[in-house]
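Inspection log for the structure reproduced underneath, given as structure tokens.
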There are 2 protein chains.
Amino acid sequence: MNNDMLIRVTRYYRALNRLRAIGLEKVFAHNLADAAGVSAAVVRKDFSILGFHGQKRGGYDITDLTARIGAILGKGEEQHVIVVGCGRIGKALMHYNGFEQDGIRIVAGFDNDPVVYSDASQPIPVYPLSRLDEVVGALKVNVAIITVPENAATDIYASLLAAGVTGIMNFSPVTLKPQRTADGILPVVHNINIGLELEQIFYELKFPKE
Amino acid sequence: MNNDMLIRVTRYYRALNRLRAIGLEKVFAHNLADAAGVSAAVVRKDFSILGFHGQKRGGYDITDLTARIGAILGKGEEQHVIVVGCGRIGKALMHYNGFEQDGIRIVAGFDNDPVVYSDASQPIPVYPLSRLDEVVGALKVNVAIITVPENAATDIYASLLAAGVTGIMNFSPVTLKPQRTADGILPVVHNINIGLELEQIFYELKFPKE
């Protein structure tokens, strides 16, 4: 499964969970196509590659399809994430309640500021960065969201890798590169640079592709 | 320029601005390569396509290169953005001070909650959504960041298009599709789905590509 297909299949999975939540039992390729922003032909082709076959009439069974795609995506258990850097963006993510329907839970935050990590009003426990190794080991987490300022990002990335966290979503403007760890593991790094995305939008508006 | 090259060139531009800010005058292809997460050969090839030639020794002149790339990216004037949905994530973006170095400024927020749009302590003026058309027209903004809940995103998207905002960065979990407006303009839509990104990270960790 290439990356584009993975993105689509993850979107189908999300759409299926939402449809099931509102009580639907059957779904057509074009419904999933709408939800994933592709054509129905693409959905049918993906499903054919994955070996799913709908009934000629009535569409695909949502429960069955959700289970099959869930198995492919490795779903079933709740997936745990930590947030490193509990400034405004980090706190916003810790309060965000949209992850639950995807089976994702933020289980801890880390920050260097005692005002932050001593604040019992946070919805999720926040620890000082000095306790990263210990807490990551105890919670057995391997995915982190980095929301620290630009100048701290590279050091935090190194600390996370050293602690065994090899899945990174990085919101800092520094581009972090996946480099094989001493244990031979290649980290998975998604850099989300909001300023860069905005610049690209301005550029694409100025020079339309059409 | 294809999309991958645009992303790289935007990254070179950001790196150049940072290098200039710390007083550097010359830069080598491999410095920009490091900053953009590519190889020096890719930087040289991109520059050759764009018609840039460095000196054999001493590298590229940073001021000259910044001006040339800036001209290509349509830089020079400050670029204005609005935020629609001033919950935690919207507010975090309104307080974020990292956009300035990219020449981007958030000029207004919009929210339906009177507690939010009457709060004078916000760093940027927040207006009720009913004033979207009027304020967008007065500020001549054409790019918006959508940070509203899932159930409001589609309506907000339609309102923005109707108001002439055709560049959209969407943080809601709904996938918004670029559909040509009545004026024949194809909107530029970047969907950033944090839950989806996390799911993909978990998937890639579980099934490494290597």
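Going by the structure tokens order, chains are called A, B, ..., each with residues numbered from 1, while ligands are numbered from 1 in the order shown.
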
For a quick test of understanding: name the residues of chain A lying within 8 Å of chain B when counting only C-alpha atoms, and present them as an NGL selection string. :A and (6-7 or 10-11 or 35-37 or 73-74 or 79 or 88-89 or 92-93 or 98-99 or 102 or 104 or 143 or 166-169 or 175-177 or 187-190 or 195-206)

Next, dump the selected residues to file, keeping only C-alpha atoms, as a PDB file, in the first residue's frame.
ATOM      1  CA  LEU A   6      -2.798   4.675   3.002  1.00  0.00           C
ATOM      2  CA  ILE A   7      -4.143   8.211   3.394  1.00  0.00           C
ATOM      3  CA  THR A  10      -7.396   5.900   6.741  1.00  0.00           C
ATOM      4  CA  ARG A  11     -10.047   8.359   5.531  1.00  0.00           C
ATOM      5  CA  ALA A  35     -15.966  11.569   2.584  1.00  0.00           C
ATOM      6  CA  ALA A  36     -12.401  10.958   1.386  1.00  0.00           C
ATOM      7  CA  GLY A  37     -12.419  13.566  -1.367  1.00  0.00           C
ATOM      8  CA  LEU A  73      -4.607  -0.407   9.860  1.00  0.00           C
ATOM      9  CA  GLY A  74      -3.731  -2.281  13.051  1.00  0.00           C
ATOM     10  CA  GLN A  79      -3.226   4.336  20.812  1.00  0.00           C
ATOM     11  CA  ARG A  88      -0.875  27.364  23.849  1.00  0.00           C
ATOM     12  CA  ILE A  89      -0.784  24.893  20.976  1.00  0.00           C
ATOM     13  CA  ALA A  92      -5.065  23.157  22.880  1.00  0.00           C
ATOM     14  CA  LEU A  93      -4.192  19.635  21.698  1.00  0.00           C
ATOM     15  CA  GLY A  98     -11.728  14.893  18.672  1.00  0.00           C
ATOM     16  CA  PHE A  99      -9.033  12.217  18.958  1.00  0.00           C
ATOM     17  CA  ASP A 102      -9.998   7.755  16.203  1.00  0.00           C
ATOM     18  CA  ILE A 104      -6.156   8.037  20.070  1.00  0.00           C
ATOM     19  CA  VAL A 143       4.474   8.529  19.558  1.00  0.00           C
ATOM     20  CA  THR A 166      10.137   6.874  17.270  1.00  0.00           C
ATOM     21  CA  GLY A 167       6.871   8.325  15.944  1.00  0.00           C
ATOM     22  CA  ILE A 168       6.919  12.132  15.816  1.00  0.00           C
ATOM     23  CA  MET A 169       4.413  14.742  14.742  1.00  0.00           C
ATOM     24  CA  THR A 175      12.204  20.392   9.747  1.00  0.00           C
ATOM     25  CA  LEU A 176      13.157  17.262  11.706  1.00  0.00           C
ATOM     26  CA  LYS A 177      14.718  14.473   9.695  1.00  0.00           C
ATOM     27  CA  PRO A 187      11.816   7.057  13.068  1.00  0.00           C
ATOM     28  CA  VAL A 188       8.552   8.134  11.433  1.00  0.00           C
ATOM     29  CA  VAL A 189       8.481  11.937  11.362  1.00  0.00           C
ATOM     30  CA  HIS A 190       5.616  14.092  10.105  1.00  0.00           C
ATOM     31  CA  GLY A 195       3.724  28.975   8.233  1.00  0.00           C
ATOM     32  CA  LEU A 196       5.018  26.940   5.303  1.00  0.00           C
ATOM     33  CA  GLU A 197       1.530  25.676   4.474  1.00  0.00           C
ATOM     34  CA  LEU A 198       0.203  29.241   4.480  1.00  0.00           C
ATOM     35  CA  GLU A 199       3.026  30.383   2.215  1.00  0.00           C
ATOM     36  CA  GLN A 200       2.190  27.593  -0.213  1.00  0.00           C
ATOM     37  CA  ILE A 201      -1.480  28.593  -0.212  1.00  0.00           C
ATOM     38  CA  PHE A 202      -0.528  32.180  -1.069  1.00  0.00           C
ATOM     39  CA  TYR A 203       1.750  30.938  -3.814  1.00  0.00           C
ATOM     40  CA  GLU A 204      -0.859  28.623  -5.310  1.00  0.00           C
ATOM     41  CA  LEU A 205      -3.436  31.439  -5.262  1.00  0.00           C
ATOM     42  CA  LYS A 206      -0.999  33.713  -7.025  1.00  0.00           C
TER      43      LYS A 206
END

How would you write, as a PyMOL selection string, the set of residues in stretch 26-123 of chain A that DSSP gives as helix (DSSP H, G or I)? chain A and resi 29-36+40-50+62-73+88-95+100-102+114-117

List as a PDB file with all heavy atoms, in the first residue's frame the protein and nucleic acid residues near stretch 119-122 of chain B, meaning an atom at most 10 Å away when only C-alpha atoms are counted, but skip any in the same chain fewer than 3 places from it.
ATOM      1  N   LYS B  91      -7.245  30.385  19.022  1.00  0.00           N
ATOM      2  CA  LYS B  91      -6.569  31.376  19.874  1.00  0.00           C
ATOM      3  C   LYS B  91      -5.062  31.141  19.901  1.00  0.00           C
ATOM      4  O   LYS B  91      -4.272  32.085  19.887  1.00  0.00           O
ATOM      5  CB  LYS B  91      -7.129  31.331  21.295  1.00  0.00           C
ATOM      6  CG  LYS B  91      -8.425  32.115  21.447  1.00  0.00           C
ATOM      7  CD  LYS B  91      -8.860  32.142  22.909  1.00  0.00           C
ATOM      8  CE  LYS B  91     -10.288  32.624  23.030  1.00  0.00           C
ATOM      9  NZ  LYS B  91     -11.001  31.995  24.148  1.00  0.00           N
ATOM     10  N   MET B  94      -3.677  32.645  16.927  1.00  0.00           N
ATOM     11  CA  MET B  94      -3.712  34.108  16.984  1.00  0.00           C
ATOM     12  C   MET B  94      -2.590  34.660  17.874  1.00  0.00           C
ATOM     13  O   MET B  94      -2.150  35.792  17.694  1.00  0.00           O
ATOM     14  CB  MET B  94      -5.083  34.588  17.474  1.00  0.00           C
ATOM     15  CG  MET B  94      -6.150  34.500  16.370  1.00  0.00           C
ATOM     16  SD  MET B  94      -7.864  34.589  16.955  1.00  0.00           S
ATOM     17  CE  MET B  94      -7.830  36.074  17.932  1.00  0.00           C
ATOM     18  N   HIS B  95      -2.163  33.873  18.857  1.00  0.00           N
ATOM     19  CA  HIS B  95      -1.083  34.313  19.742  1.00  0.00           C
ATOM     20  C   HIS B  95       0.303  33.902  19.237  1.00  0.00           C
ATOM     21  O   HIS B  95       1.307  34.336  19.771  1.00  0.00           O
ATOM     22  CB  HIS B  95      -1.259  33.717  21.150  1.00  0.00           C
ATOM     23  CG  HIS B  95      -2.282  34.430  21.968  1.00  0.00           C
ATOM     24  ND1 HIS B  95      -3.615  34.115  21.909  1.00  0.00           N
ATOM     25  CD2 HIS B  95      -2.183  35.459  22.846  1.00  0.00           C
ATOM     26  CE1 HIS B  95      -4.290  34.893  22.733  1.00  0.00           C
ATOM     27  NE2 HIS B  95      -3.443  35.721  23.321  1.00  0.00           N
ATOM     28  N   GLY B 109     -10.007  37.591  13.754  1.00  0.00           N
ATOM     29  CA  GLY B 109     -10.603  36.306  14.090  1.00  0.00           C
ATOM     30  C   GLY B 109     -12.113  36.418  13.988  1.00  0.00           C
ATOM     31  O   GLY B 109     -12.661  37.529  14.045  1.00  0.00           O
ATOM     32  N   PRO B 114     -20.417  35.342  21.718  1.00  0.00           N
ATOM     33  CA  PRO B 114     -20.251  36.742  22.137  1.00  0.00           C
ATOM     34  C   PRO B 114     -19.174  36.899  23.216  1.00  0.00           C
ATOM     35  O   PRO B 114     -18.503  37.930  23.274  1.00  0.00           O
ATOM     36  CB  PRO B 114     -21.621  37.128  22.703  1.00  0.00           C
ATOM     37  CG  PRO B 114     -22.566  36.118  22.159  1.00  0.00           C
ATOM     38  CD  PRO B 114     -21.782  34.859  21.920  1.00  0.00           C
ATOM     39  N   VAL B 115     -18.997  35.862  24.043  1.00  0.00           N
ATOM     40  CA  VAL B 115     -17.962  35.946  25.080  1.00  0.00           C
ATOM     41  C   VAL B 115     -16.592  36.105  24.420  1.00  0.00           C
ATOM     42  O   VAL B 115     -15.726  36.818  24.922  1.00  0.00           O
ATOM     43  CB  VAL B 115     -17.976  34.666  25.970  1.00  0.00           C
ATOM     44  CG1 VAL B 115     -16.835  34.691  26.976  1.00  0.00           C
ATOM     45  CG2 VAL B 115     -19.313  34.531  26.681  1.00  0.00           C
ATOM     46  N   VAL B 116     -16.418  35.458  23.271  1.00  0.00           N
ATOM     47  CA  VAL B 116     -15.136  35.510  22.572  1.00  0.00           C
ATOM     48  C   VAL B 116     -14.983  36.809  21.784  1.00  0.00           C
ATOM     49  O   VAL B 116     -13.987  37.511  21.896  1.00  0.00           O
ATOM     50  CB  VAL B 116     -14.958  34.279  21.635  1.00  0.00           C
ATOM     51  CG1 VAL B 116     -13.653  34.364  20.871  1.00  0.00           C
ATOM     52  CG2 VAL B 116     -15.023  32.987  22.439  1.00  0.00           C
ATOM     53  N   PRO B 125      -8.310  41.661  16.709  1.00  0.00           N
ATOM     54  CA  PRO B 125      -9.760  41.833  16.856  1.00  0.00           C
ATOM     55  C   PRO B 125     -10.540  40.588  16.429  1.00  0.00           C
ATOM     56  O   PRO B 125     -10.203  39.958  15.433  1.00  0.00           O
ATOM     57  CB  PRO B 125     -10.078  43.020  15.941  1.00  0.00           C
ATOM     58  CG  PRO B 125      -8.877  43.232  15.088  1.00  0.00           C
ATOM     59  CD  PRO B 125      -7.703  42.658  15.814  1.00  0.00           C
ATOM     60  N   VAL B 126     -11.548  40.230  17.216  1.00  0.00           N
ATOM     61  CA  VAL B 126     -12.402  39.086  16.893  1.00  0.00           C
ATOM     62  C   VAL B 126     -13.806  39.613  16.603  1.00  0.00           C
ATOM     63  O   VAL B 126     -14.335  40.418  17.359  1.00  0.00           O
ATOM     64  CB  VAL B 126     -12.435  38.066  18.047  1.00  0.00           C
ATOM     65  CG1 VAL B 126     -13.379  36.909  17.721  1.00  0.00           C
ATOM     66  CG2 VAL B 126     -11.034  37.525  18.326  1.00  0.00           C
ATOM     67  N   TYR B 127     -14.387  39.177  15.481  1.00  0.00           N
ATOM     68  CA  TYR B 127     -15.706  39.651  15.061  1.00  0.00           C
ATOM     69  C   TYR B 127     -16.698  38.498  15.069  1.00  0.00           C
ATOM     70  O   TYR B 127     -16.320  37.334  14.924  1.00  0.00           O
ATOM     71  CB  TYR B 127     -15.623  40.203  13.629  1.00  0.00           C
ATOM     72  CG  TYR B 127     -14.629  41.316  13.461  1.00  0.00           C
ATOM     73  CD1 TYR B 127     -13.327  41.060  13.022  1.00  0.00           C
ATOM     74  CD2 TYR B 127     -14.985  42.636  13.731  1.00  0.00           C
ATOM     75  CE1 TYR B 127     -12.407  42.078  12.866  1.00  0.00           C
ATOM     76  CE2 TYR B 127     -14.061  43.674  13.576  1.00  0.00           C
ATOM     77  CZ  TYR B 127     -12.777  43.384  13.148  1.00  0.00           C
ATOM     78  OH  TYR B 127     -11.860  44.392  12.996  1.00  0.00           O
TER      79      TYR B 127
END

Can you work out the spacing between atom CA of A:Ser39 and atom CA of B:Ser159 in Å, to one decimal?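 Calculated distance between atom CA of A:Ser39 and atom CA of B:Ser159 is 24.9 Å.
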
For stretch 51-64 of chain A, please output as a PyMOL selection string all residues within 8 Å (counting only C-alpha atoms; exclusion window: fewer than 5 positions along the same chain). chain A and resi 16+19-20+24-29

Output for the residues just chosen: all heavy atoms as a compact mmCIF listing (two decimals), in the first residue's frame:
# COMPACT_ATOMS: atom_id res chain seq x y z
N LEU A 16 -16.23 5.53 7.87
CA LEU A 16 -17.03 4.37 8.27
C LEU A 16 -17.40 4.45 9.74
O LEU A 16 -18.54 4.20 10.12
CB LEU A 16 -16.24 3.08 8.00
CG LEU A 16 -16.12 2.68 6.53
CD1 LEU A 16 -15.07 1.60 6.35
CD2 LEU A 16 -17.47 2.21 5.99
N LEU A 19 -20.15 6.99 10.11
CA LEU A 19 -21.44 6.50 9.58
C LEU A 19 -22.05 5.48 10.54
O LEU A 19 -23.25 5.49 10.79
CB LEU A 19 -21.22 5.86 8.20
CG LEU A 19 -20.78 6.84 7.10
CD1 LEU A 19 -20.38 6.09 5.84
CD2 LEU A 19 -21.90 7.83 6.79
N ARG A 20 -21.19 4.64 11.09
CA ARG A 20 -21.68 3.64 12.04
C ARG A 20 -22.23 4.31 13.29
O ARG A 20 -23.24 3.90 13.85
CB ARG A 20 -20.55 2.67 12.39
CG ARG A 20 -21.07 1.37 12.96
CD ARG A 20 -19.99 0.32 12.97
NE ARG A 20 -18.81 0.78 13.69
CZ ARG A 20 -17.93 -0.03 14.25
NH1 ARG A 20 -18.08 -1.33 14.16
NH2 ARG A 20 -16.88 0.45 14.88
N LEU A 24 -25.96 3.99 10.54
CA LEU A 24 -26.06 3.39 9.20
C LEU A 24 -25.50 1.98 9.18
O LEU A 24 -24.60 1.65 9.96
CB LEU A 24 -25.30 4.25 8.18
CG LEU A 24 -26.18 5.25 7.42
CD1 LEU A 24 -26.69 6.32 8.36
CD2 LEU A 24 -25.37 5.88 6.30
N GLU A 25 -26.03 1.18 8.27
CA GLU A 25 -25.56 -0.21 8.16
C GLU A 25 -24.86 -0.50 6.84
O GLU A 25 -24.01 -1.37 6.75
CB GLU A 25 -26.73 -1.19 8.34
CG GLU A 25 -27.24 -1.17 9.78
CD GLU A 25 -28.43 -2.12 9.98
OE1 GLU A 25 -28.76 -2.86 9.03
OE2 GLU A 25 -29.00 -2.08 11.07
N LYS A 26 -25.26 0.22 5.80
CA LYS A 26 -24.70 -0.03 4.47
C LYS A 26 -24.10 1.27 3.92
O LYS A 26 -24.58 2.36 4.24
CB LYS A 26 -25.81 -0.50 3.51
CG LYS A 26 -26.42 -1.84 3.90
CD LYS A 26 -25.53 -2.99 3.49
CE LYS A 26 -26.23 -4.33 3.77
NZ LYS A 26 -25.39 -5.45 3.29
N VAL A 27 -23.11 1.10 3.06
CA VAL A 27 -22.49 2.28 2.47
C VAL A 27 -22.11 1.97 1.03
O VAL A 27 -21.77 0.84 0.69
CB VAL A 27 -21.25 2.71 3.31
CG1 VAL A 27 -20.13 1.69 3.18
CG2 VAL A 27 -20.75 4.08 2.90
N PHE A 28 -22.22 2.99 0.17
CA PHE A 28 -21.82 2.83 -1.23
C PHE A 28 -20.45 3.45 -1.45
O PHE A 28 -20.04 4.35 -0.71
CB PHE A 28 -22.85 3.50 -2.15
CG PHE A 28 -24.17 2.80 -2.15
CD1 PHE A 28 -25.18 3.17 -1.27
CD2 PHE A 28 -24.41 1.73 -3.01
CE1 PHE A 28 -26.39 2.52 -1.25
CE2 PHE A 28 -25.62 1.06 -3.00
CZ PHE A 28 -26.61 1.45 -2.11
N ALA A 29 -19.79 2.98 -2.48
CA ALA A 29 -18.46 3.52 -2.80
C ALA A 29 -18.50 5.04 -2.92
O ALA A 29 -17.60 5.74 -2.46
CB ALA A 29 -17.93 2.88 -4.08

I want to know what sits within 12 Å of A:Glu134, based on only C-alpha atoms, with residues of the same chain fewer than 5 positions away left out; could you give that as a JSON list (two decimals) with C-alpha atoms, in the first residue's frame?
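New file out.json:
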[["chain", "number", "residue", "atom", "x", "y", "z"],
["A", 110, "PHE", "CA", 5.92, 17.52, 29.19],
["A", 127, "TYR", "CA", 5.63, 16.30, 33.82],
["A", 128, "PRO", "CA", 8.96, 18.13, 33.79],
["A", 129, "LEU", "CA", 11.11, 17.23, 30.79],
["A", 139, "LEU", "CA", 3.56, 4.46, 29.91],
["A", 140, "LYS", "CA", 5.14, 2.53, 27.02],
["A", 141, "VAL", "CA", 4.43, 5.37, 24.58],
["A", 159, "SER", "CA", 15.70, 13.22, 23.76],
["A", 160, "LEU", "CA", 12.57, 11.56, 22.42],
["A", 162, "ALA", "CA", 16.81, 8.34, 23.12],
["A", 163, "ALA", "CA", 13.72, 7.56, 25.21],
["A", 164, "GLY", "CA", 12.44, 5.19, 22.52]]

DSSP strand (DSSP E or B) residues within stretch 87-180 of chain A, as a ChimeraX atom specification: /A:104-111,126-128,143-146,167-170

Please report the interatomic distance between atom CA of B:Ile82 and atom CA of B:Ala108 in Å with one decimal.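 Distance between the two atoms: 5.0 Å.
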
Suppose you want the space between atom CA of B:Leu65 and atom CA of B:Asn17; what is it in Å?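 Atom-to-atom, atom CA of B:Leu65 and atom CA of B:Asn17 are spaced 10.0 Å apart.
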